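Asks: First the structure, which I've put down as C-alpha cells, then a few questions once you've had a look.
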Number of protein chains: 2
Amino acid sequence: MTLNAKPKHAPLIATSQAMHFAQVLPLQSGASLRDYTLAFETYGSLNADRSNAVLVCHALNASHHVAGVYEGQAKSEGWWDNMIGPGKPVDTNHFFVIGVNNLGSCFGSTGPMHTNPDTGKVYGADFPVVTVEDWVNAQALLLDRLGIQQLAAVLGGSLGGMQALSWTLQHPERVRHAVVVASAPNLTAENIAFNEVARRAIVTDPDFHGGHFYQHGVVPQRGLRIARMVGHITYLSDDVMNEKFGRKLRPASVAQAAGLALGVSTSDGDTRDYLYTTQDVEFQIESYLRYQGDKFSEYFDANTYLLITRALDYFDPARTYGGNLSAAFARTAAKFLLVSFTTDWRFSPERSREMVQALLDNQRDVSYAEIDAPHGHDAFLLDDARYMNVMRAYFARISSELTSGNASHSAQPALAAHTGGAA
Amino acid sequence: MTLNAKPKHAPLIATSQAMHFAQVLPLQSGASLRDYTLAFETYGSLNADRSNAVLVCHALNASHHVAGVYEGQAKSEGWWDNMIGPGKPVDTNHFFVIGVNNLGSCFGSTGPMHTNPDTGKVYGADFPVVTVEDWVNAQALLLDRLGIQQLAAVLGGSLGGMQALSWTLQHPERVRHAVVVASAPNLTAENIAFNEVARRAIVTDPDFHGGHFYQHGVVPQRGLRIARMVGHITYLSDDVMNEKFGRKLRPASVAQAAGLALGVSTSDGDTRDYLYTTQDVEFQIESYLRYQGDKFSEYFDANTYLLITRALDYFDPARTYGGNLSAAFARTAAKFLLVSFTTDWRFSPERSREMVQALLDNQRDVSYAEIDAPHGHDAFLLDDARYMNVMRAYFARISSELTSGNASHSAQPALAAHTGGAA
C-alpha cells in the first residue's frame, strides 16, 4: 500500500490500487459475485498497532479517489480533498485513510462493464443488484487483506453515510466511530420517485438496449443526461439556485455561454429580450443543467446509475424491525457524529434527528451538528467553516484517543449521550 | 351559448363550443396567429346587464372543460367540477362561468397538431411560442364575441392564476375581481429547471423528430412519460407522498397492481421481500408514477407540453419594471383574493405573500388565505373544507355586489386593504 511520508501540507499524491478477490461474495439478493476487484486508494500511514484507519465511503457518482492528486495531474483532486489530507479536518498526518470504489460502480471496481466469469460476456444489465450491506461486506474483506481489524472511524456523506451507518450494524465490533453526514436511515417516497424518473429515462432510452448497450457500441446518453439533470436539481437548494441563477437569461453571446458553470455571472443576462424558444436555451439554469448532463453522460455508466440508485432505495435497516429504528440500532456499539444541513431537502435534518433519537434511545455516545448552510445537499462537499470545524474537532477527538492509548473498542456503550455540535 | 336553466344541484351538462377568429392575433414574440379557433364551454346564464361572467383559466394539462359532464358520459366531470356548478363555491345559479382552452393546447383550440394556414402543413414545432399575455388577449377577444365587456371575476390556479393576474394588468378595466390560487408572480430557478428536464426528455426522444413527429406517425411517449413523472412529483408534497406511498412495496400480485392509483393500499406491500430489481417496479410510488406517465403519454401533445411549460417560464410581469412587483401592479384596478397552500413547494405561500405585499403597496383591496393543507400544489384541485369555504365566501361577496347593483368597476381603488382569509 502507498504510505505517504511527505511533510505536512505538501500536496498529497494519490495512487490508485486494486485488490482481487477470487472467492465468492454472497449478496443480499441471494445472488453472488466471484473473481471481483476492488479499486482503492490510501493516504497517510497505518500506525504500529493498526488502530488509525479511517474508511471513507462514497456516494452516487464518486469513487475511491477521495483525496490528493495523481502524479503530474494538478487538477485531479479527489472528491473530498477539502476534507481529507495533511492538516485537513481528517488529517492524514494522523490517520491512515482508505477510499474504496464500490462494486457495481464504474471507476475501477468490478461493475457492469466488466466480464462475467460465469459467461465470458460483459455483465451489462446482468450485473447483480448490490446493496449498501453488500458494499460494506466487500469493504470488510478489503480491510481484512489490509490487516485492519478495527477502524478508528468510518466516514461518509449521503449514500456514503448510509454505508457508515451500516458498518455499525453489520460489523459493530470493527468500528470505533461512525461519521454520518447529510444522510438518512432510508429514502422517502419522494427520493425514490426522483430515482425512478432517472432510471426510467435511462432504461427507455433506445440506446440502452435492455442494459446491453456495450455490444451495440452506443451509450444511452440521453437518459443519463436527464438523470443527471434531475439529480442536480435535488442536490441544490431552491435558495442557492435562485441566488446563483435566478431568472437570469443566457447571455446573447451564446457560444461563450455554452460552457457556463455554476456561479458564472453575465453582463447581459438580465436585460436582453426573450428569444421565445421552446427548444433552445433561454435561462442560465437551463445552460447549467444541460452542461452538467452532457459532462456526466460522457463518463458515467448507465447500468451503474441503475444499481447505485437502487442501493439507495433499498437501504432501510429498520425494515426488519417493523420500522423501529431504535430497535435496529440496538446492535450498534460505535460512537457517532451526525451532521446535517438546514437547506438539504433530499436528506433533511429531520432524517438525521431520527437517527440521533434512535441512538439516544440506545444510550449511545452521539454528537449531532445541524449546520445552517444555504447549499442544499451539496453542502456536504463544500467548505462551510462551521461544518469543517465540527469535523476537525471530532477527528481531533478520535486522534487524541489514539495517542492516549484509549483507542480500543468499548464493549460497554457510553452512558453519557450528548447532542449538539462538537465544535 | 349554452344557458343552463336546470334546478339547483342538478347535474350540469356541459357542451363544448368553438369560436373561429379569422383576424390576425399579434403575439408577444413578434410572431402572429390567424384563422384560429378557441374551444370553450359556458355554465349558468349571463344576466341582463352582462355583469355576472366569471372566466376560468386553466393550468398546464387542463382544458376548457371546467365543470359538469358531457351528455351521457357520467364520468366526464370537468377538472374543477368540485368548485364550479349549481350550489358550488362558484355557483352557476348566480354566475355565467366560461372555460376556455388556450392557444397551443391540445384540447380543441388551435395548437401544434393543427394546420398552419400559411403553409398548409401541420404546425408541429413551428407553432409560435405563446405567452400568458397572448392567452389573455385571445380570451379577451372571445369575451368581445360573447358580448361581455367586464368580468365579475377571473379565476385560476397555478398557471391559471398567472392568467388571472395578467388580466388585471393587461385589461384592468375589464376585471372586477381576480382570484389567484396557488400561483406566483414568476417561476423560481428550480421550477424552470424542472420544466427544462421535462422538455429535454421530450425533445431528445428520437420519436420527437424535431417536433414534426405527426408526419412520422409516432409520438414521443417516452419523453412525455418522463415529463409527467417529474411533474407529478412536484405537484405532491413530500408529506402526502410519504403518507400515501411511503416505502410500501408493490404487492406480489403484480398484475393487479399495474393500475394502482393514488391512495390504494395493499395488504402485502409492507412485508414481502425485495425483488432486487433495477428495471422492474419495486415500490408503489414507482407503480403510481409509471401509471400516470403512461396515461398522460397517450393523450397529451408533446409540442403543447413544450409551449405551456415555456409560457410558465416566461411569465414575469415585474421584468419590465426591473423586478419591482409593486411598480408592475400599479396598473391593477381589480379586487383580489389570493390563496396558497402551506405544503405547496412548487408555488409556495411565500410567492403569494409577495403578490399580496405588492398589491398592498398599491393600496388594493386584497384578501389572502394561506390554507394549512398537506397535499402540496395539487391542493388547489382538492376538497379542503377551509379552502372551499374561503372560495364560497368570496364568490358570495361578488354575487352580493351583483344583486346590490354595486357591480360596476370602481375606478378609485379601495383604500381599505385587508389580509386574512375571507372565510
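Simple scheme: letters A, B, ... for chains in C-alpha cells order, numbers from 1 for residues in each chain, numbers from 1 for ligands in the order shown.
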Would you list, as a list of chain:residue names, the residues of range 113-212 of chain A that end up in strand (DSSP E) under DSSP run on this structure's backbone?

Replies: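 Secondary structure check on range 113-212 of chain A, strand (DSSP E): A:Leu151, A:Ala152, A:Ala153, A:Val154, A:Leu155, A:Gly156, A:Gly157, A:Val175, A:Arg176, A:His177, A:Ala178, A:Val179, A:Val180, A:Val181.
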
Asks: Could the residues of chain A that have an atom at most 7 Å from chain B be listed as a Markdown table, each with its closest atom pair and the distance in Å to one decimal, counting only C-alpha atoms and ordered by chain and ascending residue number?

Replies:
| residue | atom | partner | partner_atom | distance |
| --- | --- | --- | --- | --- |
| A:Ser29 | CA | B:Tyr276 | CA | 6.0 |
| A:Val129 | CA | B:Tyr276 | CA | 6.0 |
| A:Thr188 | CA | B:Gly246 | CA | 6.4 |
| A:Ala189 | CA | B:Gly246 | CA | 4.9 |
| A:Glu190 | CA | B:Asp238 | CA | 5.9 |
| A:Ala193 | CA | B:Glu286 | CA | 6.4 |
| A:Glu196 | CA | B:Glu286 | CA | 6.4 |
| A:Val197 | CA | B:Ile226 | CA | 6.3 |
| A:Ala201 | CA | B:Ile226 | CA | 6.5 |
| A:Thr204 | CA | B:Arg222 | CA | 6.5 |
| A:Arg222 | CA | B:Thr204 | CA | 6.5 |
| A:Ile226 | CA | B:Val197 | CA | 6.3 |
| A:Met229 | CA | B:Val197 | CA | 6.5 |
| A:Val230 | CA | B:Val197 | CA | 6.8 |
| A:Ile233 | CA | B:Glu190 | CA | 6.9 |
| A:Asp238 | CA | B:Glu190 | CA | 5.9 |
| A:Met241 | CA | B:Ala189 | CA | 5.9 |
| A:Asn242 | CA | B:Ala189 | CA | 5.5 |
| A:Phe245 | CA | B:Ala189 | CA | 6.5 |
| A:Gly246 | CA | B:Ala189 | CA | 5.0 |
| A:Arg247 | CA | B:Ala189 | CA | 6.0 |
| A:Tyr276 | CA | B:Val129 | CA | 6.0 |
| A:Thr277 | CA | B:Val129 | CA | 6.6 |
| A:Thr278 | CA | B:Leu306 | CA | 5.8 |
| A:Ile285 | CA | B:Ala193 | CA | 6.4 |
| A:Glu286 | CA | B:Ala193 | CA | 6.4 |
| A:Leu306 | CA | B:Thr278 | CA | 5.8 |
| A:Leu307 | CA | B:Thr278 | CA | 6.4 |
| A:Arg310 | CA | B:Thr278 | CA | 6.2 |

Asks: Would you please extract all alpha helix (DSSP H) residues from range 328-423 of chain A, as assigned by DSSP on the backbone, and give them as number ranges by chain?

Replies: A: 328, 349-361, 385-403

Asks: Show me, as a PyMOL selection string, the residues that have an atom within 6 Å of range 177-180 of chain B when counting only C-alpha atoms, minus same-chain residues fewer than 2 positions from it.

Replies: chain B and resi 153-156+161+164+175+334-338

Asks: In Å, with one decimal, what is the gap from CA of Phe341 in chain B to CA of Ala59 in chain B?

Replies: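 It comes out at 16.5 Å.
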
Asks: May I ask for the distance between CA of Tyr368 in chain B and CA of Ser158 in chain B, given in Å to one decimal place?

Replies: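 CA of Ser158 in chain B lies 15.5 Å from CA of Tyr368 in chain B.
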